[in-house]
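**Student:** First, the structure itself, so that you have it in front of you.
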Amino acid sequence: MTHELPPPYDRAKLVELFGDDPKTLAEVERDFLDTARGAEREIRGTVDCTVIARAAHRLKGASGMIGAVTLHRLSETIERTAKAEDLASARRLFDLLSQEVRRLAEHVGQNAA
């Protein structure tokens, strides 16, 4: 039995927010991907729980806005664990976040084609 993952974000939500102009949607998708990659780099590059929580919080907001449910939940959990200064848990969750950012990048690439 094949278990297919849902899309990493809700493109219909983007259309609702920004209209259905392909250029505008592509720009919003690229901007969101840049935000996600930036947060991922920040989290990877530090052991400071305050920095991790701040980056996760920023990504949580952006992912919530465009309907990236999995990324939103991961960001929220990383933010919470970082605020609790549980660096080990935040690091374990970071691996999942990185996988989801890669999945997002693939999806954005498919939409651009």
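Lettering and numbering for the structure tokens are positional, with chains as A, B, ... in the shown order, residues counted from 1 in each chain, and ligands counted from 1 in the shown order.
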Identify, with DSSP run on backbone atoms, the residues in chain A assigned to helix (DSSP H, G or I), and express the list as a ChimeraX atom specification.

**Tutor:** /A:11-18,22-44,49-65,69-83,87-112

**Student:** Which residues of region 65-104 of chain A sit at most 10 Å from region 45-51 of chain A, using only C-alpha atoms? Give each one's shortest atom pair and distance in Å (one decimal place), in chain and ascending residue order, as a tab-separated table.

**Tutor:**
residue	atom	partner	partner_atom	distance
A:Ile78	CA	A:Cys49	CA	9.7
A:Glu79	CA	A:Cys49	CA	8.7
A:Thr81	CA	A:Cys49	CA	8.5
A:Ala82	CA	A:Cys49	CA	4.8
A:Lys83	CA	A:Cys49	CA	6.6
A:Ala84	CA	A:Cys49	CA	8.3
A:Glu85	CA	A:Cys49	CA	5.8
A:Asp86	CA	A:Cys49	CA	7.9
A:Leu87	CA	A:Cys49	CA	6.6
A:Ala88	CA	A:Val47	CA	9.8
A:Ala90	CA	A:Cys49	CA	8.6
A:Arg91	CA	A:Val47	CA	9.1

**Student:** Take the residues from that selection and write them out as an mmCIF file, in the first residue's frame, keeping N, CA and C atoms.

**Tutor:**
data_model
loop_
_atom_site.group_PDB
_atom_site.id
_atom_site.type_symbol
_atom_site.label_atom_id
_atom_site.label_comp_id
_atom_site.auth_asym_id
_atom_site.auth_seq_id
_atom_site.Cartn_x
_atom_site.Cartn_y
_atom_site.Cartn_z
ATOM 1 N N ILE A 78 9.515 22.913 17.363
ATOM 2 C CA ILE A 78 10.910 23.318 17.571
ATOM 3 C C ILE A 78 10.963 24.593 18.401
ATOM 4 N N GLU A 79 10.098 25.530 18.109
ATOM 5 C CA GLU A 79 10.059 26.762 18.897
ATOM 6 C C GLU A 79 9.801 26.446 20.374
ATOM 7 N N THR A 81 10.280 23.583 22.022
ATOM 8 C CA THR A 81 11.387 22.857 22.662
ATOM 9 C C THR A 81 12.583 23.778 22.889
ATOM 10 N N ALA A 82 12.826 24.692 21.956
ATOM 11 C CA ALA A 82 13.940 25.630 22.128
ATOM 12 C C ALA A 82 13.663 26.577 23.294
ATOM 13 N N LYS A 83 12.425 27.037 23.419
ATOM 14 C CA LYS A 83 12.084 27.912 24.542
ATOM 15 C C LYS A 83 12.232 27.183 25.876
ATOM 16 N N ALA A 84 12.043 25.861 25.852
ATOM 17 C CA ALA A 84 12.238 25.055 27.057
ATOM 18 C C ALA A 84 13.718 24.686 27.236
ATOM 19 N N GLU A 85 14.564 25.194 26.324
ATOM 20 C CA GLU A 85 16.006 24.938 26.329
ATOM 21 C C GLU A 85 16.342 23.452 26.222
ATOM 22 N N ASP A 86 15.534 22.746 25.436
ATOM 23 C CA ASP A 86 15.748 21.324 25.160
ATOM 24 C C ASP A 86 16.415 21.210 23.791
ATOM 25 N N LEU A 87 17.706 21.496 23.765
ATOM 26 C CA LEU A 87 18.455 21.523 22.520
ATOM 27 C C LEU A 87 18.464 20.159 21.827
ATOM 28 N N ALA A 88 18.572 19.069 22.587
ATOM 29 C CA ALA A 88 18.619 17.727 21.991
ATOM 30 C C ALA A 88 17.334 17.443 21.198
ATOM 31 N N ALA A 90 15.223 19.704 19.992
ATOM 32 C CA ALA A 90 15.163 20.640 18.867
ATOM 33 C C ALA A 90 16.026 20.126 17.713
ATOM 34 N N ARG A 91 17.182 19.571 18.017
ATOM 35 C CA ARG A 91 18.072 19.021 16.989
ATOM 36 C C ARG A 91 17.436 17.819 16.293
#

**Student:** Within 8 Å of region 64-76 of chain A, counting only C-alpha atoms, which residues show up once you throw out same-chain ones fewer than 4 positions away? Write them as a PDB file with N, CA and C atoms, in the first residue's frame, please.

**Tutor:**
ATOM      1  N   PRO A   8       3.328  19.930   0.239  1.00  0.00           N
ATOM      2  CA  PRO A   8       3.935  20.599   1.393  1.00  0.00           C
ATOM      3  C   PRO A   8       3.269  21.921   1.772  1.00  0.00           C
ATOM      4  N   TYR A   9       2.446  22.472   0.888  1.00  0.00           N
ATOM      5  CA  TYR A   9       1.695  23.684   1.203  1.00  0.00           C
ATOM      6  C   TYR A   9       0.442  23.714   0.348  1.00  0.00           C
ATOM      7  N   ASP A  10      -0.469  24.597   0.699  1.00  0.00           N
ATOM      8  CA  ASP A  10      -1.768  24.676   0.050  1.00  0.00           C
ATOM      9  C   ASP A  10      -1.746  25.767  -1.019  1.00  0.00           C
ATOM     10  N   ARG A  11      -1.555  25.366  -2.257  1.00  0.00           N
ATOM     11  CA  ARG A  11      -1.461  26.354  -3.344  1.00  0.00           C
ATOM     12  C   ARG A  11      -2.772  27.121  -3.504  1.00  0.00           C
ATOM     13  N   LYS A  13      -4.565  28.174  -1.173  1.00  0.00           N
ATOM     14  CA  LYS A  13      -4.511  29.267  -0.202  1.00  0.00           C
ATOM     15  C   LYS A  13      -3.702  30.440  -0.759  1.00  0.00           C
ATOM     16  N   LEU A  14      -2.645  30.125  -1.482  1.00  0.00           N
ATOM     17  CA  LEU A  14      -1.868  31.184  -2.129  1.00  0.00           C
ATOM     18  C   LEU A  14      -2.718  31.929  -3.147  1.00  0.00           C
ATOM     19  N   ALA A  56      12.508  29.528  14.339  1.00  0.00           N
ATOM     20  CA  ALA A  56      11.352  28.635  14.228  1.00  0.00           C
ATOM     21  C   ALA A  56      10.047  29.422  14.284  1.00  0.00           C
ATOM     22  N   HIS A  57      10.006  30.455  15.111  1.00  0.00           N
ATOM     23  CA  HIS A  57       8.810  31.285  15.220  1.00  0.00           C
ATOM     24  C   HIS A  57       8.522  31.992  13.892  1.00  0.00           C
ATOM     25  N   LEU A  59       9.444  31.030  10.901  1.00  0.00           N
ATOM     26  CA  LEU A  59       9.023  30.027   9.935  1.00  0.00           C
ATOM     27  C   LEU A  59       7.608  29.537  10.238  1.00  0.00           C
ATOM     28  N   LYS A  60       7.263  29.446  11.503  1.00  0.00           N
ATOM     29  CA  LYS A  60       5.912  29.039  11.893  1.00  0.00           C
ATOM     30  C   LYS A  60       4.884  30.008  11.314  1.00  0.00           C
ATOM     31  N   ARG A  80       8.830  25.596  20.615  1.00  0.00           N
ATOM     32  CA  ARG A  80       8.478  25.244  21.997  1.00  0.00           C
ATOM     33  C   ARG A  80       9.629  24.528  22.709  1.00  0.00           C
ATOM     34  N   LEU A  93      14.257  17.222  15.934  1.00  0.00           N
ATOM     35  CA  LEU A  93      13.171  17.750  15.110  1.00  0.00           C
ATOM     36  C   LEU A  93      13.707  18.500  13.892  1.00  0.00           C
ATOM     37  N   LEU A  96      13.788  16.523  10.706  1.00  0.00           N
ATOM     38  CA  LEU A  96      12.480  16.450  10.042  1.00  0.00           C
ATOM     39  C   LEU A  96      12.166  17.755   9.317  1.00  0.00           C
ATOM     40  N   LEU A  97      12.494  18.874   9.949  1.00  0.00           N
ATOM     41  CA  LEU A  97      12.271  20.173   9.330  1.00  0.00           C
ATOM     42  C   LEU A  97      13.077  20.283   8.037  1.00  0.00           C
ATOM     43  N   GLU A 100      11.424  18.419   5.284  1.00  0.00           N
ATOM     44  CA  GLU A 100      10.232  19.111   4.801  1.00  0.00           C
ATOM     45  C   GLU A 100      10.611  20.315   3.937  1.00  0.00           C
ATOM     46  N   VAL A 101      11.688  21.001   4.272  1.00  0.00           N
ATOM     47  CA  VAL A 101      12.147  22.118   3.440  1.00  0.00           C
ATOM     48  C   VAL A 101      12.597  21.593   2.075  1.00  0.00           C
TER      49      VAL A 101
END

**Student:** Can you tell me, as a PyMOL selection string, what residues are no more than 12 Å from Glu29 (chain A) when counting only C-alpha atoms, ignoring any on the same chain fewer than 2 positions away?

**Tutor:** chain A and resi 8-11+13-15+18+22-27+31-36+62-63+65-68+104-112

**Student:** Just to be explicit: take each residue in the selection above, keep N, CA and C atoms, and write the result as an mmCIF file, in the first residue's frame.

**Tutor:**
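selection18.cif written:
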data_model
loop_
_atom_site.group_PDB
_atom_site.id
_atom_site.type_symbol
_atom_site.label_atom_id
_atom_site.label_comp_id
_atom_site.auth_asym_id
_atom_site.auth_seq_id
_atom_site.Cartn_x
_atom_site.Cartn_y
_atom_site.Cartn_z
ATOM 1 N N PRO A 8 3.328 19.930 0.239
ATOM 2 C CA PRO A 8 3.935 20.599 1.393
ATOM 3 C C PRO A 8 3.269 21.921 1.772
ATOM 4 N N TYR A 9 2.446 22.472 0.888
ATOM 5 C CA TYR A 9 1.695 23.684 1.203
ATOM 6 C C TYR A 9 0.442 23.714 0.348
ATOM 7 N N ASP A 10 -0.469 24.597 0.699
ATOM 8 C CA ASP A 10 -1.768 24.676 0.050
ATOM 9 C C ASP A 10 -1.746 25.767 -1.019
ATOM 10 N N ARG A 11 -1.555 25.366 -2.257
ATOM 11 C CA ARG A 11 -1.461 26.354 -3.344
ATOM 12 C C ARG A 11 -2.772 27.121 -3.504
ATOM 13 N N LYS A 13 -4.565 28.174 -1.173
ATOM 14 C CA LYS A 13 -4.511 29.267 -0.202
ATOM 15 C C LYS A 13 -3.702 30.440 -0.759
ATOM 16 N N LEU A 14 -2.645 30.125 -1.482
ATOM 17 C CA LEU A 14 -1.868 31.184 -2.129
ATOM 18 C C LEU A 14 -2.718 31.929 -3.147
ATOM 19 N N VAL A 15 -3.478 31.179 -3.938
ATOM 20 C CA VAL A 15 -4.343 31.806 -4.944
ATOM 21 C C VAL A 15 -5.367 32.699 -4.252
ATOM 22 N N PHE A 18 -3.255 35.806 -3.005
ATOM 23 C CA PHE A 18 -2.480 36.619 -3.943
ATOM 24 C C PHE A 18 -3.029 36.642 -5.366
ATOM 25 N N PRO A 22 0.297 33.530 -12.467
ATOM 26 C CA PRO A 22 1.417 32.590 -12.299
ATOM 27 C C PRO A 22 2.721 33.250 -11.855
ATOM 28 N N LYS A 23 3.018 34.453 -12.365
ATOM 29 C CA LYS A 23 4.259 35.147 -11.978
ATOM 30 C C LYS A 23 4.231 35.520 -10.501
ATOM 31 N N THR A 24 3.097 36.034 -10.043
ATOM 32 C CA THR A 24 2.966 36.422 -8.639
ATOM 33 C C THR A 24 3.084 35.205 -7.735
ATOM 34 N N LEU A 25 2.401 34.120 -8.112
ATOM 35 C CA LEU A 25 2.459 32.903 -7.302
ATOM 36 C C LEU A 25 3.884 32.352 -7.243
ATOM 37 N N ALA A 26 4.576 32.369 -8.379
ATOM 38 C CA ALA A 26 5.955 31.873 -8.405
ATOM 39 C C ALA A 26 6.850 32.720 -7.499
ATOM 40 N N GLU A 27 6.629 34.026 -7.499
ATOM 41 C CA GLU A 27 7.425 34.917 -6.650
ATOM 42 C C GLU A 27 7.148 34.641 -5.161
ATOM 43 N N ASP A 31 9.823 33.326 -2.476
ATOM 44 C CA ASP A 31 10.054 34.073 -1.236
ATOM 45 C C ASP A 31 9.866 33.179 -0.013
ATOM 46 N N PHE A 32 8.823 32.364 -0.036
ATOM 47 C CA PHE A 32 8.584 31.468 1.081
ATOM 48 C C PHE A 32 9.711 30.446 1.198
ATOM 49 N N LEU A 33 10.141 29.906 0.079
ATOM 50 C CA LEU A 33 11.248 28.949 0.097
ATOM 51 C C LEU A 33 12.513 29.602 0.641
ATOM 52 N N ASP A 34 12.783 30.840 0.259
ATOM 53 C CA ASP A 34 13.938 31.563 0.795
ATOM 54 C C ASP A 34 13.824 31.727 2.310
ATOM 55 N N THR A 35 12.620 32.043 2.785
ATOM 56 C CA THR A 35 12.387 32.175 4.226
ATOM 57 C C THR A 35 12.643 30.851 4.933
ATOM 58 N N ALA A 36 12.125 29.778 4.357
ATOM 59 C CA ALA A 36 12.300 28.455 4.964
ATOM 60 C C ALA A 36 13.774 28.051 4.996
ATOM 61 N N ALA A 62 5.212 32.159 8.726
ATOM 62 C CA ALA A 62 5.190 32.127 7.261
ATOM 63 C C ALA A 62 4.518 30.858 6.745
ATOM 64 N N SER A 63 4.816 29.733 7.364
ATOM 65 C CA SER A 63 4.236 28.472 6.893
ATOM 66 C C SER A 63 2.744 28.396 7.201
ATOM 67 N N MET A 65 0.749 30.933 7.165
ATOM 68 C CA MET A 65 0.077 31.830 6.226
ATOM 69 C C MET A 65 -0.236 31.147 4.900
ATOM 70 N N ILE A 66 0.668 30.277 4.424
ATOM 71 C CA ILE A 66 0.432 29.665 3.111
ATOM 72 C C ILE A 66 -0.080 28.226 3.204
ATOM 73 N N GLY A 67 -0.404 27.796 4.395
ATOM 74 C CA GLY A 67 -0.987 26.461 4.525
ATOM 75 C C GLY A 67 0.014 25.328 4.443
ATOM 76 N N ALA A 68 1.259 25.578 4.863
ATOM 77 C CA ALA A 68 2.278 24.518 4.922
ATOM 78 C C ALA A 68 2.153 23.847 6.291
ATOM 79 N N LEU A 104 9.514 20.868 0.121
ATOM 80 C CA LEU A 104 8.958 22.137 -0.329
ATOM 81 C C LEU A 104 9.697 22.639 -1.568
ATOM 82 N N ALA A 105 11.017 22.575 -1.548
ATOM 83 C CA ALA A 105 11.829 23.046 -2.673
ATOM 84 C C ALA A 105 11.495 22.239 -3.937
ATOM 85 N N GLU A 106 11.334 20.935 -3.796
ATOM 86 C CA GLU A 106 10.965 20.106 -4.946
ATOM 87 C C GLU A 106 9.600 20.514 -5.496
ATOM 88 N N HIS A 107 8.665 20.757 -4.601
ATOM 89 C CA HIS A 107 7.307 21.123 -4.998
ATOM 90 C C HIS A 107 7.297 22.484 -5.700
ATOM 91 N N VAL A 108 8.023 23.442 -5.161
ATOM 92 C CA VAL A 108 8.115 24.764 -5.800
ATOM 93 C C VAL A 108 8.725 24.609 -7.176
ATOM 94 N N GLY A 109 9.746 23.782 -7.304
ATOM 95 C CA GLY A 109 10.373 23.527 -8.600
ATOM 96 C C GLY A 109 9.406 22.918 -9.602
ATOM 97 N N GLN A 110 8.551 22.018 -9.150
ATOM 98 C CA GLN A 110 7.560 21.398 -10.036
ATOM 99 C C GLN A 110 6.543 22.425 -10.510
ATOM 100 N N ASN A 111 6.145 23.332 -9.629
ATOM 101 C CA ASN A 111 5.171 24.351 -10.006
ATOM 102 C C ASN A 111 5.757 25.367 -10.974
ATOM 103 N N ALA A 112 7.071 25.566 -10.907
ATOM 104 C CA ALA A 112 7.723 26.539 -11.782
ATOM 105 C C ALA A 112 7.877 25.989 -13.198
#

**Student:** Which one of A:Gly38, A:Arg44, A:Arg58, A:Leu17 sits closest to Asp95 (chain A) if you count only C-alpha atoms?

**Tutor:**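 Comparing A:Gly38, A:Arg44, A:Arg58, A:Leu17 against Asp95 (chain A), the winner is A:Arg44.
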
**Student:** State, in Å with one decimal place, the distance from CA of Arg92 (chain A) to CA of Glu4 (chain A).

**Tutor:**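 These two atoms are separated by 23.3 Å.
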